[in-house]
Amino acid sequence: MKEASKLKKLWLATLMVLAMLGAACGQKAGDTSATGGTSTDDGDTIKVGLLHSLSGTMAISEVTVRDAEKLAIEQINAKGGVLGKQIEAIEEDGASDWPTFAEKAQKLISVDKVATVFGGWTSASRKAMLPVFERNKALLWYPVQYEGLEQSPYIFYTGATTNQQIVPGLDYLKGQGKKRIFLVGSDYVFPRTANKEIKAYAQANDMEIVGEEYIPLGNQEVATLVNKVAAARPDAIFNTLNGDTNTAFFKEWKTKGIAPDAMPIVSVSVAEEEVRAIGPEFLAGHLVAWNYYQTTDTPENAEFVKAFKAKYGEDKVTSDPMEAGYVAVHLWAAAVEKAGTTEVEAVKRAAAGIEFAAPEGRVTVDGPTQHIYKTARIGLIGPDGLIRQVSGSDGPIKPDPFLRGYDWAKGLT
Amino acid sequence: MDAFLGQVFTGLSVGSVLILIALGLTFTFGQMNVINMAHGEFIMAGAYTAFVLQDLIGTDTSLVVALPVAFVIAGTLGLLLELVLVRRLYGRPLDTLLVTWGVSLMLQQLARDIFGAPNVQVRAPGWLGGSLHLAGATLSYSRIFIIGLVVVSVVGIWVFLTRLPQGARMRAVMQNRQLASCSGLKTHSIDRLTFFIGSGLAGIAGVALTLLGSTGPTLGTNYIVDAFLVVVVGGLGQLRGAVIAAVALGLLNAFVEFSTEASIARVAVFVAIVAFLQFRPQGLFVMKSRALT
Amino acid sequence: MTALAVPKLGTLTPWKRRGIFLAIGLVLVVVAPAMLSGFRLALLGKYLCFAIIAIGIDLAWGYGGMLTIGHGLFFGMGGYCMGMLLKLQEAGPGKLPDFMVWSGVEKLPALWKPFGSPVFALSAAILVPMAVAAALGALIFRRRVRGAYLAILSQALAAAFAILLIGQQGVTGGTNGLTNVTTFMGYDLNDPVNQRSVYLLIAVCLGIMYLLARQIVESRYGRVLMAVRDREDRVRFLGYNPTTVKVIAFAISAGMAGLAGALFVPVVGIISPALVGIVPSIEMVIWVALGGRGTLVGAVLGALVVNYAKTTLSEAYPAGWLYLQGLLFVVVMAFAPKGVAGIAKVLKERFGGRKVPPQPVSHQPAEAAEPAT
């Protein structure tokens, strides 16, 4: 009798496995092969994926980009959609966890059969997703500034590459006569690669790197780091910290009582949303380098800020990555209209040379690099939490992800 | 010299936050054999208390008001945890670890749903804004405040344990539960009191942490592992042990990190602890016991 | 305390057991690859890797009473050993893996050099975790520190390892880990045929590990291990050395996690610190806890079901999933510590109308009996 019950249990186990397989197959409908994911024109809608961290340490930043992308989709749908069809956004949570980004990207491509994906913030998440998109010959629009030295045929980069953000930031510091620079960053690929480039720049431009420190993402214990920076007495600090660590860093730095104009911190991952979160009193007087600010004076931006606040609330701010996400959706829609299809290769061909009157000014897709022309802007954080431009490039800068136009960058690639 | 002093100060302030967190753990572990992984979420509850109060009554007084309120809120959460779950698990320390971890997952998600996934900021009151300049080092008022707060709390707990009848009962149960029970002590109500106080201290730690960084759903998880290491090094249920171990850990971490880097410091601290346990497997201080293991 | 000691399947006749094993094997090896798309098959392959870890954890925890919250560490070590091999094969002789190029590393670090050899890398994937586990186990068990200390120290070690991996970007790929693994022993992993082969390899390894674990728990050694779990002091008085017994089980358990890590890399294409730290380590324990510790089938099922639920439910309700996961965990651990396998048993006994005396649930009688000091 006892034996029989054991036996039953094992059959139960077998059945459960079978049931799981069955359930998995149930989802297989229309999921013919793993390497599809190109054509979705047959339905009434065109599906696109939005893949950002809605939880975890990066949620603070990424949720805002997702919101901007949804705004753009809403605007396009209100004008009749693309190719006469409405865009349907499918959201997934990358959970600030890079393998999850890869898994969810694969799911969007092969299960949901989306036409394209807008997603990512950290370079770590992009590097994790890149092989998935290349393997499936699917398209990713990546909306955040990054470290350069990359050019995937299946990614469009609508944020700044190095020569549109970091190099102008360094040029500004050089122009201000800052010679001794301290580098602080989060411990992942963007800060490390960016700092490698900064060191090459410094060597060629008679600047000295007096220290280089990294803190794991999400870590808030920065007192030792701040002591190290203060002990090195640099002229300026180049900050590539990401996420919550910035809060702890600026709070701790403030207690040192060093005036921002004597030792400015130049941040490349702190925008309006982060300033609002950290508190303007800790940041006022410090510098940032971006391509867009909420205060950027264009008619398109006035409209963008107004639409965003109308949709999400008057207290919301707009920032550079949000704008880049917003631009990405519009550029993709324009490319699809031009190509007459959502087929990836056709969209890629059509995207080259497409222009869009973006909130930051006119942007153009550079065909060969799949980056966009962007205007560099150095901004000063004000006590009201808004960022005002203090210096900027004359016009949109041609993207140069591998820094081929700079002699000092020869050894980098 | 000024860097040295700065690091001593940093180590002390990091260690003092650890003391507050580890005290609750060492009492619940020592007295009830409960490994409470949800302790980190009591820290978070304290921090969010400070955040809510700041909106209600303004930043000038909210911090001071938040301390007792956070103590009560976090303590009540701990009490609820004890009443609903933990008391079913006495005698199964490893199971308490896993159950309370499940609780911690849910509390984190609850915080995410109430306050949103992004971290929130608590503004320090103006009078904690500056810093003290001493022998070339800058000691921020907020960290001095935290160290002072911890000293007051530790002295308070010490007085409670040694001078008050409830404290004496707590020590009795911690030292020998059966004997205490035989002597007529209501061990279960004493367990509840211990849980309340231990969790309340975590709430105070949470308020203190808002002065240093931002507050998010996973705030507690960053500290819980270190706090457990403090418990292991200090010895179970040991006030002195927890204080010394926490300060030692804070200082060690601060100095290794200053001379190398953050990730190396973590590994160095861990190696030091495993080595230490080879010499004193029961931690710095051991409660006398006739137990076999 | 006697109720738990006997392996649950021990009473089945060998032929019936073999039949059932073959039936499940058939489903996994023949039916699944025929019915599932590449994406779903890869997911199932991932779950099977996790099932291997679950068997190992069950061996250490369910049968040996050692709660480890550090198996992410061993899984990661196996994964990184394999990842290093595959990245080197991909880069080709004399070239650097992609992430080193962008991390500013100019010369292959010494640590990487031996991993160009498949034999070395594959044996390291299993032996390195075993060696680390044996060392950690020996240091902890030798001094007879409490059972809970292993949990605390192993989780601290997993955390430290994850932070170290993140901090040494030039050598480990940093927080990204080793990504973009596209070939396995020279075979293109984008090819569905090769994907299927990798899946089959994993299924076969799972089968072997299951049989190995079965052998271990039914052997004399297995009985001593369970005795150590139930009353370590008595076993010591009988003349056994509990430290050795525990270290062996812990090392085998770690070796299985290492193997799972090595198999995980070709099927998922990535190994990163996010898979190594405390949270994944605790999740691994959850699979075993929910499935039912002390039964190998329960551990395997737990890993498969929990991960399947995680994938589907977190797609549908990301927030709801976390509540459900926490709640499931609390309910199972607090009220049904023997997991789903235990619940199924109780239900069946109710249905059969037989009266079965309630079974003690404690897995730590040694500590339960100990006066709370």
# chains A, B, ... in the order shown; residues from 1 in each chain; ligands from 1
call {"tool": "residues_around", "arguments": {"residues": "Arg192 in chain A", "least_positions_apart": "3", "cutoff": "9 Å", "atoms": "only C-alpha atoms", "output": "PyMOL selection string"}}
result
(chain A and resi 147+185-189+195-197+214+240) or (chain C and resi 102-104+169)
call {"tool": "interface_residues", "arguments": {"of": "chain B", "to": "chain A", "cutoff": "10 Å", "atoms": "only C-alpha atoms", "output": "PyMOL selection string"}}
result
chain B and resi 2-4+6-7+9-11+13-14+109+112+116-124+128-133+137-143+209-219+222+253-263
call {"tool": "write_last_selection", "arguments": {"atoms": "C-alpha atoms", "output": "mmCIF file, in the first residue's frame"}}
result
data_model
loop_
_atom_site.group_PDB
_atom_site.id
_atom_site.type_symbol
_atom_site.label_atom_id
_atom_site.label_comp_id
_atom_site.auth_asym_id
_atom_site.auth_seq_id
_atom_site.Cartn_x
_atom_site.Cartn_y
_atom_site.Cartn_z
ATOM 1 C CA ASP B 2 43.886 64.786 8.670
ATOM 2 C CA ALA B 3 43.077 61.879 6.359
ATOM 3 C CA PHE B 4 43.811 59.462 9.176
ATOM 4 C CA GLY B 6 38.864 61.492 8.849
ATOM 5 C CA GLN B 7 38.987 57.744 8.378
ATOM 6 C CA PHE B 9 35.713 59.214 12.142
ATOM 7 C CA THR B 10 34.260 57.472 9.091
ATOM 8 C CA GLY B 11 34.910 54.050 10.571
ATOM 9 C CA SER B 13 30.203 56.433 12.164
ATOM 10 C CA VAL B 14 29.792 53.383 9.922
ATOM 11 C CA GLN B 109 7.399 45.206 -2.522
ATOM 12 C CA ARG B 112 7.630 49.940 -3.572
ATOM 13 C CA GLY B 116 7.234 54.103 -5.562
ATOM 14 C CA ALA B 117 10.273 52.264 -6.851
ATOM 15 C CA PRO B 118 12.602 55.276 -7.020
ATOM 16 C CA ASN B 119 14.400 56.253 -3.851
ATOM 17 C CA VAL B 120 13.089 59.176 -1.845
ATOM 18 C CA GLN B 121 15.074 61.836 -0.026
ATOM 19 C CA VAL B 122 14.851 63.024 3.510
ATOM 20 C CA ARG B 123 16.129 66.566 3.976
ATOM 21 C CA ALA B 124 18.364 66.974 6.963
ATOM 22 C CA LEU B 128 22.832 69.447 10.910
ATOM 23 C CA GLY B 129 24.037 71.052 7.705
ATOM 24 C CA GLY B 130 27.593 72.035 8.471
ATOM 25 C CA SER B 131 30.638 70.329 9.759
ATOM 26 C CA LEU B 132 33.212 70.626 12.475
ATOM 27 C CA HIS B 133 36.812 71.311 11.513
ATOM 28 C CA ALA B 137 39.739 66.926 9.246
ATOM 29 C CA THR B 138 36.119 67.796 8.585
ATOM 30 C CA LEU B 139 33.635 65.971 10.774
ATOM 31 C CA SER B 140 30.109 66.468 9.540
ATOM 32 C CA TYR B 141 27.469 67.332 12.111
ATOM 33 C CA SER B 142 25.162 64.664 10.755
ATOM 34 C CA ARG B 143 27.693 61.919 11.410
ATOM 35 C CA LEU B 209 20.633 56.476 7.633
ATOM 36 C CA THR B 210 18.401 59.048 5.981
ATOM 37 C CA LEU B 211 21.017 61.617 6.950
ATOM 38 C CA LEU B 212 23.646 59.861 4.856
ATOM 39 C CA GLY B 213 21.908 58.700 1.700
ATOM 40 C CA SER B 214 18.622 58.157 -0.016
ATOM 41 C CA THR B 215 15.831 55.897 1.146
ATOM 42 C CA GLY B 216 14.585 53.041 -0.972
ATOM 43 C CA PRO B 217 12.845 49.712 -0.658
ATOM 44 C CA THR B 218 16.136 47.817 -0.531
ATOM 45 C CA LEU B 219 17.852 50.108 1.978
ATOM 46 C CA ASN B 222 22.704 46.632 2.159
ATOM 47 C CA ASN B 253 36.603 48.497 6.431
ATOM 48 C CA ALA B 254 37.354 52.207 6.414
ATOM 49 C CA PHE B 255 41.125 51.776 6.521
ATOM 50 C CA VAL B 256 41.380 48.906 4.049
ATOM 51 C CA GLU B 257 39.125 50.805 1.671
ATOM 52 C CA PHE B 258 41.165 53.962 2.059
ATOM 53 C CA SER B 259 44.400 52.242 1.184
ATOM 54 C CA THR B 260 42.977 49.950 -1.528
ATOM 55 C CA GLU B 261 39.445 49.978 -2.910
ATOM 56 C CA ALA B 262 35.895 49.218 -1.836
ATOM 57 C CA SER B 263 35.646 45.719 -3.272
#
call {"tool": "interface_residues", "arguments": {"of": "chain B", "to": "chain C", "cutoff": "8 Å", "atoms": "only C-alpha atoms", "output": "VMD selection string"}}
result
chain B and resid 30 to 33 35 85 88 to 95 98 to 106 109 174 to 178 225 to 226 228 to 229 232 262 to 264 266 to 267 270 274 278 281 to 282 287 289 291 to 293
call {"tool": "closest_residue", "arguments": {"among": "A:Ala128, A:Ala89, A:Leu83, A:Ala289", "to": "chain C", "atoms": "only C-alpha atoms"}}
result
A:Ala128
call {"tool": "closest_atom_pairs", "arguments": {"of": "chain C", "to": "chain A", "cutoff": "7 Å", "atoms": "only C-alpha atoms", "output": "CSV"}}
result
residue,atom,partner,partner_atom,distance
C:Leu9,CA,A:Lys6,CA,6.8
C:Thr11,CA,A:Glu3,CA,6.1
C:Leu12,CA,A:Glu3,CA,5.7
C:Ile24,CA,A:Thr14,CA,6.0
C:Ala32,CA,A:Leu21,CA,6.9
C:Met35,CA,A:Cys25,CA,6.9
C:Leu36,CA,A:Cys25,CA,6.1
C:Ser37,CA,A:Ser33,CA,6.1
C:Gly38,CA,A:Ala34,CA,5.3
C:Phe39,CA,A:Ala34,CA,5.7
C:Arg40,CA,A:Ala24,CA,6.9
C:Trp102,CA,A:Thr193,CA,6.1
C:Ser103,CA,A:Thr193,CA,5.8
C:Gly104,CA,A:Lys196,CA,6.8
C:Ile166,CA,A:Asp187,CA,6.6
C:Gly167,CA,A:Asp187,CA,6.4
C:Gly174,CA,A:Tyr188,CA,5.8
C:Thr175,CA,A:Tyr188,CA,5.5
C:Asn176,CA,A:Ala124,CA,5.1
C:Thr179,CA,A:Ala128,CA,6.1
C:Asn180,CA,A:Pro131,CA,5.3
C:Asn190,CA,A:Arg135,CA,6.6
C:Ile270,CA,A:Pro99,CA,6.9
C:Ala274,CA,A:Asp97,CA,6.5
C:Glu315,CA,A:Glu92,CA,7.0
call {"tool": "write_last_selection", "arguments": {"atoms": "C-alpha atoms", "output": "PDB file, in the first residue's frame"}}
result
ATOM      1  CA  LEU C   9      11.751   6.372  -2.871  1.00  0.00           C
ATOM      2  CA  THR C  11      10.520   1.497  -0.893  1.00  0.00           C
ATOM      3  CA  LEU C  12       9.822   1.361  -4.620  1.00  0.00           C
ATOM      4  CA  ILE C  24      10.578  11.544 -17.134  1.00  0.00           C
ATOM      5  CA  ALA C  32      10.397  18.637 -25.057  1.00  0.00           C
ATOM      6  CA  MET C  35       7.472  20.349 -29.055  1.00  0.00           C
ATOM      7  CA  LEU C  36       9.129  23.537 -27.830  1.00  0.00           C
ATOM      8  CA  SER C  37      10.387  26.539 -29.765  1.00  0.00           C
ATOM      9  CA  GLY C  38      14.023  27.508 -29.462  1.00  0.00           C
ATOM     10  CA  PHE C  39      13.249  30.256 -26.957  1.00  0.00           C
ATOM     11  CA  ARG C  40      11.171  28.021 -24.722  1.00  0.00           C
ATOM     12  CA  TRP C 102      37.060  48.174 -23.734  1.00  0.00           C
ATOM     13  CA  SER C 103      38.293  47.850 -20.156  1.00  0.00           C
ATOM     14  CA  GLY C 104      41.765  48.897 -21.190  1.00  0.00           C
ATOM     15  CA  ILE C 166      32.296  43.714 -10.011  1.00  0.00           C
ATOM     16  CA  GLY C 167      35.439  45.443  -8.826  1.00  0.00           C
ATOM     17  CA  GLY C 174      32.753  43.678 -13.997  1.00  0.00           C
ATOM     18  CA  THR C 175      29.056  43.987 -13.364  1.00  0.00           C
ATOM     19  CA  ASN C 176      28.332  42.914 -16.932  1.00  0.00           C
ATOM     20  CA  THR C 179      28.397  38.283 -22.061  1.00  0.00           C
ATOM     21  CA  ASN C 180      27.899  37.561 -25.705  1.00  0.00           C
ATOM     22  CA  ASN C 190      22.893  30.577 -32.891  1.00  0.00           C
ATOM     23  CA  ILE C 270      25.885  35.189 -20.042  1.00  0.00           C
ATOM     24  CA  ALA C 274      23.936  39.374 -10.581  1.00  0.00           C
ATOM     25  CA  GLU C 315       6.013  38.649 -17.345  1.00  0.00           C
TER      26      GLU C 315
END
call {"tool": "decode", "arguments": {"residues": "range 202-231 of chain B", "atoms": "N, CA and C atoms", "output": "PDB file, in the first residue's frame"}}
result
ATOM      1  N   ALA B 202      16.331  49.046  15.105  1.00  0.00           N
ATOM      2  CA  ALA B 202      16.555  49.083  13.654  1.00  0.00           C
ATOM      3  C   ALA B 202      15.841  50.279  13.052  1.00  0.00           C
ATOM      4  N   GLY B 203      14.642  50.587  13.561  1.00  0.00           N
ATOM      5  CA  GLY B 203      13.919  51.750  13.072  1.00  0.00           C
ATOM      6  C   GLY B 203      14.714  53.026  13.295  1.00  0.00           C
ATOM      7  N   ILE B 204      15.332  53.148  14.486  1.00  0.00           N
ATOM      8  CA  ILE B 204      16.170  54.330  14.764  1.00  0.00           C
ATOM      9  C   ILE B 204      17.342  54.381  13.804  1.00  0.00           C
ATOM     10  N   ALA B 205      17.934  53.201  13.542  1.00  0.00           N
ATOM     11  CA  ALA B 205      19.035  53.159  12.581  1.00  0.00           C
ATOM     12  C   ALA B 205      18.571  53.675  11.221  1.00  0.00           C
ATOM     13  N   GLY B 206      17.342  53.320  10.853  1.00  0.00           N
ATOM     14  CA  GLY B 206      16.798  53.777   9.580  1.00  0.00           C
ATOM     15  C   GLY B 206      16.719  55.289   9.511  1.00  0.00           C
ATOM     16  N   VAL B 207      16.249  55.910  10.600  1.00  0.00           N
ATOM     17  CA  VAL B 207      16.174  57.378  10.630  1.00  0.00           C
ATOM     18  C   VAL B 207      17.586  57.961  10.472  1.00  0.00           C
ATOM     19  N   ALA B 208      18.547  57.353  11.179  1.00  0.00           N
ATOM     20  CA  ALA B 208      19.918  57.848  11.094  1.00  0.00           C
ATOM     21  C   ALA B 208      20.443  57.758   9.660  1.00  0.00           C
ATOM     22  N   LEU B 209      20.109  56.671   8.979  1.00  0.00           N
ATOM     23  CA  LEU B 209      20.633  56.476   7.633  1.00  0.00           C
ATOM     24  C   LEU B 209      20.102  57.503   6.642  1.00  0.00           C
ATOM     25  N   THR B 210      18.924  58.054   6.921  1.00  0.00           N
ATOM     26  CA  THR B 210      18.401  59.048   5.981  1.00  0.00           C
ATOM     27  C   THR B 210      19.305  60.270   5.920  1.00  0.00           C
ATOM     28  N   LEU B 211      20.112  60.467   6.960  1.00  0.00           N
ATOM     29  CA  LEU B 211      21.017  61.617   6.950  1.00  0.00           C
ATOM     30  C   LEU B 211      22.177  61.404   5.978  1.00  0.00           C
ATOM     31  N   LEU B 212      22.458  60.160   5.657  1.00  0.00           N
ATOM     32  CA  LEU B 212      23.646  59.861   4.856  1.00  0.00           C
ATOM     33  C   LEU B 212      23.330  59.619   3.393  1.00  0.00           C
ATOM     34  N   GLY B 213      22.188  59.032   3.099  1.00  0.00           N
ATOM     35  CA  GLY B 213      21.908  58.700   1.700  1.00  0.00           C
ATOM     36  C   GLY B 213      20.430  58.761   1.419  1.00  0.00           C
ATOM     37  N   SER B 214      20.024  58.134   0.347  1.00  0.00           N
ATOM     38  CA  SER B 214      18.622  58.157  -0.016  1.00  0.00           C
ATOM     39  C   SER B 214      17.935  56.912   0.537  1.00  0.00           C
ATOM     40  N   THR B 215      16.613  56.951   0.541  1.00  0.00           N
ATOM     41  CA  THR B 215      15.831  55.897   1.146  1.00  0.00           C
ATOM     42  C   THR B 215      15.080  55.137   0.071  1.00  0.00           C
ATOM     43  N   GLY B 216      15.282  53.838   0.028  1.00  0.00           N
ATOM     44  CA  GLY B 216      14.585  53.041  -0.972  1.00  0.00           C
ATOM     45  C   GLY B 216      14.142  51.726  -0.383  1.00  0.00           C
ATOM     46  N   PRO B 217      13.371  50.976  -1.162  1.00  0.00           N
ATOM     47  CA  PRO B 217      12.845  49.712  -0.658  1.00  0.00           C
ATOM     48  C   PRO B 217      13.941  48.720  -0.241  1.00  0.00           C
ATOM     49  N   THR B 218      15.107  48.804  -0.849  1.00  0.00           N
ATOM     50  CA  THR B 218      16.136  47.817  -0.531  1.00  0.00           C
ATOM     51  C   THR B 218      17.204  48.369   0.409  1.00  0.00           C
ATOM     52  N   LEU B 219      16.885  49.484   1.074  1.00  0.00           N
ATOM     53  CA  LEU B 219      17.852  50.108   1.978  1.00  0.00           C
ATOM     54  C   LEU B 219      18.443  49.114   2.979  1.00  0.00           C
ATOM     55  N   GLY B 220      17.566  48.321   3.580  1.00  0.00           N
ATOM     56  CA  GLY B 220      17.999  47.440   4.655  1.00  0.00           C
ATOM     57  C   GLY B 220      18.923  46.327   4.197  1.00  0.00           C
ATOM     58  N   THR B 221      18.695  45.838   2.983  1.00  0.00           N
ATOM     59  CA  THR B 221      19.466  44.680   2.545  1.00  0.00           C
ATOM     60  C   THR B 221      20.948  44.993   2.458  1.00  0.00           C
ATOM     61  N   ASN B 222      21.285  46.286   2.256  1.00  0.00           N
ATOM     62  CA  ASN B 222      22.704  46.632   2.159  1.00  0.00           C
ATOM     63  C   ASN B 222      23.422  46.463   3.495  1.00  0.00           C
ATOM     64  N   TYR B 223      22.674  46.523   4.582  1.00  0.00           N
ATOM     65  CA  TYR B 223      23.324  46.520   5.884  1.00  0.00           C
ATOM     66  C   TYR B 223      23.189  45.195   6.626  1.00  0.00           C
ATOM     67  N   ILE B 224      22.219  44.390   6.199  1.00  0.00           N
ATOM     68  CA  ILE B 224      21.865  43.228   7.011  1.00  0.00           C
ATOM     69  C   ILE B 224      23.003  42.210   7.073  1.00  0.00           C
ATOM     70  N   VAL B 225      23.705  42.042   5.960  1.00  0.00           N
ATOM     71  CA  VAL B 225      24.781  41.039   5.955  1.00  0.00           C
ATOM     72  C   VAL B 225      25.887  41.443   6.924  1.00  0.00           C
ATOM     73  N   ASP B 226      26.284  42.709   6.854  1.00  0.00           N
ATOM     74  CA  ASP B 226      27.314  43.188   7.774  1.00  0.00           C
ATOM     75  C   ASP B 226      26.859  43.072   9.217  1.00  0.00           C
ATOM     76  N   ALA B 227      25.576  43.363   9.448  1.00  0.00           N
ATOM     77  CA  ALA B 227      25.075  43.304  10.817  1.00  0.00           C
ATOM     78  C   ALA B 227      25.143  41.877  11.347  1.00  0.00           C
ATOM     79  N   PHE B 228      24.845  40.915  10.500  1.00  0.00           N
ATOM     80  CA  PHE B 228      24.945  39.520  10.939  1.00  0.00           C
ATOM     81  C   PHE B 228      26.389  39.157  11.255  1.00  0.00           C
ATOM     82  N   LEU B 229      27.306  39.675  10.450  1.00  0.00           N
ATOM     83  CA  LEU B 229      28.715  39.386  10.725  1.00  0.00           C
ATOM     84  C   LEU B 229      29.096  39.960  12.093  1.00  0.00           C
ATOM     85  N   VAL B 230      28.571  41.140  12.397  1.00  0.00           N
ATOM     86  CA  VAL B 230      28.843  41.738  13.708  1.00  0.00           C
ATOM     87  C   VAL B 230      28.339  40.818  14.817  1.00  0.00           C
ATOM     88  N   VAL B 231      27.146  40.262  14.621  1.00  0.00           N
ATOM     89  CA  VAL B 231      26.576  39.365  15.624  1.00  0.00           C
ATOM     90  C   VAL B 231      27.483  38.155  15.826  1.00  0.00           C
TER      91      VAL B 231
END
